[in-house]
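As stored in my_file.csv (CSV, N, CA and C atoms):
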chain,number,residue,atom,x,y,z
O,228,VAL,N,102.9,110.8,106.2
O,228,VAL,CA,101.7,110.0,106.6
O,228,VAL,C,101.7,108.8,105.7
O,229,GLN,N,101.6,107.6,106.3
O,229,GLN,CA,101.5,106.4,105.5
O,229,GLN,C,100.0,105.9,105.5
O,230,LEU,N,99.7,105.3,104.4
O,230,LEU,CA,98.3,104.9,104.2
O,230,LEU,C,98.2,103.4,103.9
O,231,GLN,N,97.3,102.7,104.6
O,231,GLN,CA,97.2,101.3,104.4
O,231,GLN,C,95.7,100.9,104.0
O,232,ALA,N,95.5,100.4,102.8
O,232,ALA,CA,94.2,100.1,102.4
O,232,ALA,C,93.9,98.6,102.7
O,233,SER,N,92.7,98.3,103.1
O,233,SER,CA,92.3,96.9,103.4
O,233,SER,C,90.8,96.8,103.1
O,234,GLY,N,90.4,95.5,103.2
O,234,GLY,CA,89.0,95.2,103.0
O,234,GLY,C,88.5,94.6,101.7
O,235,GLY,N,89.5,94.4,100.8
O,235,GLY,CA,89.2,93.8,99.5
O,235,GLY,C,88.9,92.4,99.7
O,236,GLY,N,88.4,91.8,98.6
O,236,GLY,CA,88.1,90.3,98.6
O,236,GLY,C,87.4,89.9,97.4
O,237,LEU,N,86.9,88.7,97.4
O,237,LEU,CA,86.1,88.2,96.3
O,237,LEU,C,84.6,88.2,96.6
O,238,VAL,N,83.8,88.8,95.7
O,238,VAL,CA,82.4,89.0,95.9
O,238,VAL,C,81.7,88.7,94.6
O,239,GLN,N,80.5,88.2,94.7
O,239,GLN,CA,79.7,88.0,93.5
O,239,GLN,C,79.1,89.3,93.1
O,240,ALA,N,78.8,89.4,91.8
O,240,ALA,CA,78.1,90.6,91.2
O,240,ALA,C,76.8,90.9,92.0
O,241,GLY,N,76.7,92.2,92.3
O,241,GLY,CA,75.5,92.6,93.1
O,241,GLY,C,75.8,92.7,94.6
O,242,GLY,N,77.0,92.2,95.0
O,242,GLY,CA,77.3,92.2,96.4
O,242,GLY,C,78.0,93.5,96.8
O,243,SER,N,78.4,93.6,98.0
O,243,SER,CA,79.0,94.8,98.6
O,243,SER,C,80.3,94.5,99.3
O,244,LEU,N,81.1,95.5,99.4
O,244,LEU,CA,82.3,95.5,100.2
O,244,LEU,C,82.5,96.9,100.7
O,245,ARG,N,83.2,96.9,101.9
O,245,ARG,CA,83.6,98.2,102.4
O,245,ARG,C,85.2,98.2,102.6
O,246,LEU,N,85.8,99.1,101.9
O,246,LEU,CA,87.2,99.3,102.0
O,246,LEU,C,87.6,100.3,103.1
O,247,SER,N,88.7,100.1,103.7
O,247,SER,CA,89.2,101.0,104.8
O,247,SER,C,90.6,101.4,104.4
O,248,CYS,N,90.9,102.7,104.8
O,248,CYS,CA,92.2,103.2,104.6
O,248,CYS,C,92.6,103.8,105.9
O,249,ALA,N,93.6,103.2,106.5
O,249,ALA,CA,94.1,103.7,107.8
O,249,ALA,C,95.3,104.6,107.6
O,250,ALA,N,95.3,105.8,108.1
O,250,ALA,CA,96.4,106.7,108.0
O,250,ALA,C,97.2,106.7,109.3
O,251,SER,N,98.5,106.8,109.1
O,251,SER,CA,99.4,106.8,110.3
O,251,SER,C,99.4,108.1,111.0
O,252,GLY,N,98.9,109.2,110.3
O,252,GLY,CA,98.8,110.5,110.9
O,252,GLY,C,97.5,111.1,110.5
O,253,SER,N,97.4,112.4,110.7
O,253,SER,CA,96.2,113.1,110.4
O,253,SER,C,95.9,113.2,108.9
O,254,ILE,N,94.7,112.8,108.5
O,254,ILE,CA,94.3,112.9,107.1
O,254,ILE,C,94.1,114.4,106.7
O,255,PHE,N,94.1,115.3,107.7
O,255,PHE,CA,93.9,116.7,107.5
O,255,PHE,C,95.2,117.3,106.9
O,256,SER,N,96.3,116.5,106.9
O,256,SER,CA,97.5,117.0,106.3
O,256,SER,C,97.4,117.0,104.8
O,257,PHE,N,96.4,116.4,104.3
O,257,PHE,CA,96.1,116.5,102.8
O,257,PHE,C,94.9,117.4,102.6
O,258,ASN,N,94.8,117.9,101.4
O,258,ASN,CA,93.7,118.7,101.0
O,258,ASN,C,92.5,117.9,100.8
O,259,GLY,N,92.7,116.6,100.5
O,259,GLY,CA,91.6,115.7,100.3
O,259,GLY,C,92.1,114.3,100.2
O,260,MET,N,91.2,113.4,100.2
O,260,MET,CA,91.5,112.0,100.1
O,260,MET,C,90.8,111.3,99.0
O,261,GLY,N,91.4,110.3,98.4
O,261,GLY,CA,90.7,109.6,97.3
O,261,GLY,C,90.9,108.1,97.3
O,262,TRP,N,90.0,107.5,96.6
O,262,TRP,CA,90.1,106.0,96.3
O,262,TRP,C,90.4,105.9,94.8
O,263,TYR,N,91.4,105.2,94.5
O,263,TYR,CA,91.8,104.9,93.1
O,263,TYR,C,91.7,103.4,92.8
O,264,ARG,N,91.7,103.1,91.6
O,264,ARG,CA,91.7,101.7,91.2
O,264,ARG,C,92.5,101.5,89.9
O,265,GLN,N,93.1,100.3,89.8
O,265,GLN,CA,93.8,100.0,88.6
O,265,GLN,C,93.5,98.5,88.2
O,266,ALA,N,92.8,98.4,87.1
O,266,ALA,CA,92.5,97.1,86.6
O,266,ALA,C,93.6,96.6,85.7
O,267,PRO,N,93.8,95.3,85.5
O,267,PRO,CA,94.9,94.8,84.6
O,267,PRO,C,94.8,95.4,83.2
O,268,GLY,N,96.0,95.9,82.8
O,268,GLY,CA,96.1,96.5,81.5
O,268,GLY,C,95.5,97.9,81.3
O,269,LYS,N,95.0,98.4,82.4
O,269,LYS,CA,94.4,99.8,82.4
O,269,LYS,C,95.2,100.7,83.3
O,270,GLN,N,95.0,102.0,83.0
O,270,GLN,CA,95.6,103.0,83.8
O,270,GLN,C,94.9,103.2,85.1
O,271,ARG,N,95.6,103.6,86.1
O,271,ARG,CA,95.0,103.9,87.4
O,271,ARG,C,94.0,105.1,87.3
O,272,GLU,N,92.8,104.9,87.9
O,272,GLU,CA,91.8,106.0,87.8
O,272,GLU,C,91.3,106.3,89.2
O,273,LEU,N,90.9,107.6,89.3
O,273,LEU,CA,90.2,108.0,90.5
O,273,LEU,C,88.8,107.7,90.5
O,274,VAL,N,88.3,107.0,91.5
O,274,VAL,CA,86.9,106.6,91.5
O,274,VAL,C,86.1,107.4,92.5
O,275,ALA,N,86.7,107.9,93.6
O,275,ALA,CA,86.0,108.7,94.5
O,275,ALA,C,86.9,109.6,95.3
O,276,SER,N,86.5,110.8,95.7
O,276,SER,CA,87.3,111.7,96.5
O,276,SER,C,86.5,112.5,97.4
O,277,ILE,N,87.1,112.9,98.5
O,277,ILE,CA,86.4,113.8,99.5
O,277,ILE,C,87.4,114.9,99.9
O,278,THR,N,86.9,116.1,100.0
O,278,THR,CA,87.7,117.2,100.4
O,278,THR,C,87.7,117.3,102.0
O,279,LEU,N,88.5,118.2,102.4
O,279,LEU,CA,88.5,118.5,103.9
O,279,LEU,C,87.2,119.0,104.4
O,280,PHE,N,86.4,119.6,103.5
O,280,PHE,CA,85.1,120.1,103.9
O,280,PHE,C,84.0,119.1,103.6
O,281,GLY,N,84.4,117.9,103.2
O,281,GLY,CA,83.4,116.8,103.0
O,281,GLY,C,82.7,116.8,101.7
O,282,ARG,N,83.2,117.6,100.7
O,282,ARG,CA,82.6,117.5,99.4
O,282,ARG,C,83.1,116.2,98.7
O,283,THR,N,82.2,115.5,98.1
O,283,THR,CA,82.6,114.2,97.5
O,283,THR,C,82.4,114.3,96.0
O,284,THR,N,83.2,113.6,95.2
O,284,THR,CA,83.0,113.4,93.8
O,284,THR,C,83.3,112.0,93.4
O,285,TYR,N,82.6,111.5,92.4
O,285,TYR,CA,82.7,110.1,92.0
O,285,TYR,C,82.8,110.0,90.5
O,286,ALA,N,83.5,109.0,90.1
O,286,ALA,CA,83.6,108.7,88.6
O,286,ALA,C,82.2,108.3,88.2
O,287,ASP,N,81.9,108.6,86.9
O,287,ASP,CA,80.6,108.2,86.4
O,287,ASP,C,80.3,106.8,86.5
O,288,SER,N,81.3,105.9,86.4
O,288,SER,CA,81.1,104.5,86.4
O,288,SER,C,80.6,104.0,87.8
O,289,VAL,N,80.9,104.7,88.9
O,289,VAL,CA,80.5,104.3,90.2
O,289,VAL,C,79.5,105.1,90.9
O,290,GLN,N,79.1,106.2,90.2
O,290,GLN,CA,78.1,107.1,90.8
O,290,GLN,C,76.8,106.4,91.2
O,291,GLY,N,76.4,106.6,92.4
O,291,GLY,CA,75.2,105.9,92.9
O,291,GLY,C,75.4,104.6,93.5
O,292,ARG,N,76.6,104.0,93.3
O,292,ARG,CA,76.9,102.7,93.9
O,292,ARG,C,78.0,102.8,95.0
O,293,PHE,N,78.9,103.7,94.8
O,293,PHE,CA,80.0,103.8,95.8
O,293,PHE,C,79.8,105.0,96.6
O,294,SER,N,80.3,105.0,97.9
O,294,SER,CA,80.2,106.1,98.8
O,294,SER,C,81.5,106.2,99.6
O,295,ILE,N,82.1,107.4,99.5
O,295,ILE,CA,83.4,107.7,100.3
O,295,ILE,C,83.0,108.5,101.5
O,296,SER,N,83.7,108.1,102.6
O,296,SER,CA,83.5,108.8,103.9
O,296,SER,C,84.7,108.8,104.7
O,297,THR,N,84.8,109.6,105.7
O,297,THR,CA,85.9,109.6,106.6
O,297,THR,C,85.5,109.5,108.1
O,298,ASP,N,86.4,109.0,108.9
O,298,ASP,CA,86.2,109.0,110.3
O,298,ASP,C,87.5,109.8,110.8
O,299,ASN,N,87.3,111.1,111.0
O,299,ASN,CA,88.4,111.9,111.3
O,299,ASN,C,89.1,111.6,112.6
O,300,ALA,N,88.3,111.1,113.6
O,300,ALA,CA,88.9,110.7,114.9
O,300,ALA,C,89.8,109.5,114.7
O,301,ARG,N,89.5,108.7,113.8
O,301,ARG,CA,90.3,107.5,113.6
O,301,ARG,C,91.3,107.6,112.4
O,302,ASN,N,91.3,108.8,111.8
O,302,ASN,CA,92.2,109.0,110.6
O,302,ASN,C,92.0,107.9,109.6
O,303,THR,N,90.7,107.6,109.3
O,303,THR,CA,90.4,106.5,108.4
O,303,THR,C,89.4,107.0,107.3
O,304,VAL,N,89.7,106.5,106.1
O,304,VAL,CA,88.8,106.8,105.0
O,304,VAL,C,88.2,105.5,104.5
O,305,TYR,N,86.9,105.5,104.2
O,305,TYR,CA,86.2,104.4,103.8
O,305,TYR,C,85.7,104.5,102.4
O,306,LEU,N,85.5,103.4,101.8
O,306,LEU,CA,84.8,103.3,100.5
O,306,LEU,C,83.8,102.2,100.5
O,307,GLN,N,82.5,102.6,100.6
O,307,GLN,CA,81.4,101.6,100.6
O,307,GLN,C,81.0,101.3,99.2
O,308,MET,N,81.1,100.1,98.8
O,308,MET,CA,80.9,99.7,97.4
O,308,MET,C,79.7,98.8,97.4
O,309,ASN,N,78.6,99.2,96.7
O,309,ASN,CA,77.4,98.4,96.6
O,309,ASN,C,77.1,98.0,95.2
O,310,ASN,N,76.3,97.0,95.0
O,310,ASN,CA,75.9,96.6,93.6
O,310,ASN,C,77.2,96.4,92.7
O,311,LEU,N,78.1,95.7,93.2
O,311,LEU,CA,79.4,95.6,92.5
O,311,LEU,C,79.2,94.8,91.2
O,312,LYS,N,80.0,95.2,90.2
O,312,LYS,CA,80.0,94.6,88.9
O,312,LYS,C,81.3,94.0,88.6
O,313,PRO,N,81.4,93.1,87.7
O,313,PRO,CA,82.6,92.5,87.3
O,313,PRO,C,83.7,93.5,86.8
O,314,GLU,N,83.2,94.6,86.2
O,314,GLU,CA,84.1,95.6,85.7
O,314,GLU,C,84.7,96.5,86.9
O,315,ASP,N,84.2,96.2,88.1
O,315,ASP,CA,84.8,96.9,89.3
O,315,ASP,C,86.1,96.2,89.7
O,316,THR,N,86.3,95.0,89.2
O,316,THR,CA,87.5,94.2,89.6
O,316,THR,C,88.8,95.0,89.3
O,317,ALA,N,89.6,95.2,90.4
O,317,ALA,CA,90.8,96.0,90.3
O,317,ALA,C,91.5,96.0,91.6
O,318,VAL,N,92.7,96.5,91.6
O,318,VAL,CA,93.4,96.8,92.9
O,318,VAL,C,93.0,98.2,93.2
O,319,TYR,N,92.5,98.4,94.5
O,319,TYR,CA,92.1,99.7,95.0
O,319,TYR,C,93.1,100.3,95.9
O,320,TYR,N,93.4,101.5,95.7
O,320,TYR,CA,94.4,102.2,96.5
O,320,TYR,C,93.7,103.5,97.1
O,321,CYS,N,94.1,103.8,98.3
O,321,CYS,CA,93.8,105.1,98.8
O,321,CYS,C,95.0,106.0,98.8
O,322,ASN,N,94.7,107.3,98.6
O,322,ASN,CA,95.8,108.2,98.6
O,322,ASN,C,95.3,109.6,98.7
O,323,ARG,N,96.2,110.6,98.8
O,323,ARG,CA,95.7,112.0,98.8
O,323,ARG,C,95.0,112.3,97.5
O,324,ALA,N,94.2,113.3,97.5
O,324,ALA,CA,93.6,113.8,96.3
O,324,ALA,C,93.6,115.3,96.3
O,325,PRO,N,94.2,115.9,95.2
O,325,PRO,CA,94.8,115.2,94.1
O,325,PRO,C,96.2,114.6,94.4
O,326,VAL,N,96.7,113.7,93.5
O,326,VAL,CA,98.0,113.2,93.7
O,326,VAL,C,99.0,114.1,92.8
O,327,THR,N,100.3,113.9,93.0
O,327,THR,CA,101.3,114.5,92.2
O,327,THR,C,102.1,113.5,91.5
O,328,ALA,N,103.0,113.9,90.7
O,328,ALA,CA,103.9,113.0,90.0
O,328,ALA,C,104.8,112.2,90.9
O,329,THR,N,105.0,112.7,92.1
O,329,THR,CA,105.9,112.0,93.0
O,329,THR,C,105.2,111.3,94.1
O,330,THR,N,103.9,111.3,94.1
O,330,THR,CA,103.1,110.7,95.1
O,330,THR,C,103.5,109.2,95.2
O,331,TYR,N,103.7,108.7,96.5
O,331,TYR,CA,104.0,107.3,96.7
O,331,TYR,C,102.7,106.5,96.7
O,332,TRP,N,102.7,105.3,96.1
O,332,TRP,CA,101.6,104.4,96.1
O,332,TRP,C,101.9,103.2,96.9
O,333,GLY,N,101.0,102.9,97.8
O,333,GLY,CA,101.2,101.7,98.6
O,333,GLY,C,100.7,100.4,97.8
O,334,GLN,N,100.5,99.3,98.6
O,334,GLN,CA,100.2,98.1,97.9
O,334,GLN,C,98.8,98.0,97.4
O,335,GLY,N,97.8,98.7,98.0
O,335,GLY,CA,96.5,98.5,97.6
O,335,GLY,C,95.8,97.3,98.1
O,336,THR,N,94.5,97.1,97.8
O,336,THR,CA,93.8,95.9,98.2
O,336,THR,C,93.0,95.4,97.0
O,337,GLN,N,93.0,94.1,96.7
O,337,GLN,CA,92.4,93.5,95.6
O,337,GLN,C,90.9,93.3,95.8
O,338,VAL,N,90.2,93.8,94.8
O,338,VAL,CA,88.7,93.5,94.7
O,338,VAL,C,88.4,92.7,93.5
O,339,THR,N,87.8,91.6,93.7
O,339,THR,CA,87.5,90.7,92.5
O,339,THR,C,86.0,90.5,92.6
O,340,VAL,N,85.3,90.8,91.5
O,340,VAL,CA,83.8,90.6,91.4
O,340,VAL,C,83.6,89.5,90.4
O,341,SER,N,82.9,88.5,90.8
O,341,SER,CA,82.6,87.4,89.9
O,341,SER,C,81.2,87.6,89.3
O,342,SER,N,81.1,87.1,88.1
O,342,SER,CA,79.7,87.2,87.4
O,342,SER,C,78.8,86.0,87.7
Write the structure described by the file as structure tokens, please.
Amino acid sequence: VQLQASGGGLVQAGGSLRLSCAASGSIFSFNGMGWYRQAPGKQRELVASITLFGRTTYADSVQGRFSISTDNARNTVYLQMNNLKPEDTAVYYCNRAPVTATTYWGQGTQVTVSS
């Protein structure tokens, strides 16, 4: 299953964006899905995940501002990001959750939040 993230862009602090992740096959082939991000000079981190049963988890830094959801019929995973902050600036990736050492990472989508 290939994953393609989209929806990034430039937004002012306090603004919102919705990222989309389109899967070429069923997202049920994974135990869960997640959104990850990597800022310049920092390690990639998991910001939100959702299990097959719809249980969601969030990083403390985005709790209450980001929301992950799925459209199973469209094999798409979304990340609604509200009240964006400059520190949210990063390349955002979608992938299975959890990942393994050999998990392939696609291109991601750039999110830039200006102050």
### Query
Could you list as a PyMOL selection string every residue that has an atom within 6 Å of (88.7, 97.8, 99.3), using the file's coordinates and counting all atoms listed in the file?
chain O and resi 233-235+245-247+319+336
Export N, CA and C atoms of the chosen residues as a PDB file, keeping the file's coordinate frame?
ATOM      1  N   SER O 233      92.700  98.300 103.100  1.00  0.00           N
ATOM      2  CA  SER O 233      92.300  96.900 103.400  1.00  0.00           C
ATOM      3  C   SER O 233      90.800  96.800 103.100  1.00  0.00           C
ATOM      4  N   GLY O 234      90.400  95.500 103.200  1.00  0.00           N
ATOM      5  CA  GLY O 234      89.000  95.200 103.000  1.00  0.00           C
ATOM      6  C   GLY O 234      88.500  94.600 101.700  1.00  0.00           C
ATOM      7  N   GLY O 235      89.500  94.400 100.800  1.00  0.00           N
ATOM      8  CA  GLY O 235      89.200  93.800  99.500  1.00  0.00           C
ATOM      9  C   GLY O 235      88.900  92.400  99.700  1.00  0.00           C
ATOM     10  N   ARG O 245      83.200  96.900 101.900  1.00  0.00           N
ATOM     11  CA  ARG O 245      83.600  98.200 102.400  1.00  0.00           C
ATOM     12  C   ARG O 245      85.200  98.200 102.600  1.00  0.00           C
ATOM     13  N   LEU O 246      85.800  99.100 101.900  1.00  0.00           N
ATOM     14  CA  LEU O 246      87.200  99.300 102.000  1.00  0.00           C
ATOM     15  C   LEU O 246      87.600 100.300 103.100  1.00  0.00           C
ATOM     16  N   SER O 247      88.700 100.100 103.700  1.00  0.00           N
ATOM     17  CA  SER O 247      89.200 101.000 104.800  1.00  0.00           C
ATOM     18  C   SER O 247      90.600 101.400 104.400  1.00  0.00           C
ATOM     19  N   TYR O 319      92.500  98.400  94.500  1.00  0.00           N
ATOM     20  CA  TYR O 319      92.100  99.700  95.000  1.00  0.00           C
ATOM     21  C   TYR O 319      93.100 100.300  95.900  1.00  0.00           C
ATOM     22  N   THR O 336      94.500  97.100  97.800  1.00  0.00           N
ATOM     23  CA  THR O 336      93.800  95.900  98.200  1.00  0.00           C
ATOM     24  C   THR O 336      93.000  95.400  97.000  1.00  0.00           C
TER      25      THR O 336
END
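For region 279-282 of chain O, the residues within 6 Å (counting all atoms listed in the file, excluding itself and residues fewer than 6 positions away along the chain) are Asn258, Gly259 and Met260 of chain O.
The gap separating CA of Thr339 (chain O) from CA of Arg271 (chain O) is 16.0 Å, in Å to one decimal.
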### Near-Gln231 (chain O) list (10 Å; only C-alpha atoms; drop same-chain fewer than 5 positions) as a ChimeraX atom specification
/O:247-251,303,320-322,332-336
### Query
Using only C-alpha atoms, which of O:Ile277, O:Ile254, O:Leu306, O:Val340 sits nearest Ala232 (chain O)?
O:Leu306
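Here the question is which of O:Val326, O:Leu273, O:Ala240, O:Val304 gets nearest to Ala286 (chain O) using all atoms listed in the file, and that residue is O:Leu273.
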### Atom pair atom C of Arg264 (chain O) / atom C of Asp315 (chain O): separation (Å)
8.3 Å
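With only N, CA and C atoms as the atoms that count, the minimum distance from Ala324 (chain O) to the choices O:Leu230, O:Val238, O:Ala275, O:Ala266 is reached by O:Ala275.
Among the candidates O:Ser341, O:Leu244, O:Lys312, O:Val274, the one nearest to Gln290 (chain O) when counting only N, CA and C atoms is O:Val274.
CA of Met308 (chain O) lies 11.5 Å from CA of Ser296 (chain O).
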### Message
When DSSP is applied to the backbone of this structure, which of chain O are assigned helix (DSSP H, G or I)? Write them out as a PyMOL selection string.
### Response
chain O and resi 254-256+299-301+313-315
### Task
Report as an MDAnalysis selection string: the residues of region 255-331 of chain O with a DSSP assignment of strand (DSSP E or B), based on the backbone of this structure.
chainID O and resid 259:265 272:278 283:285 293:298 303:308 317:323
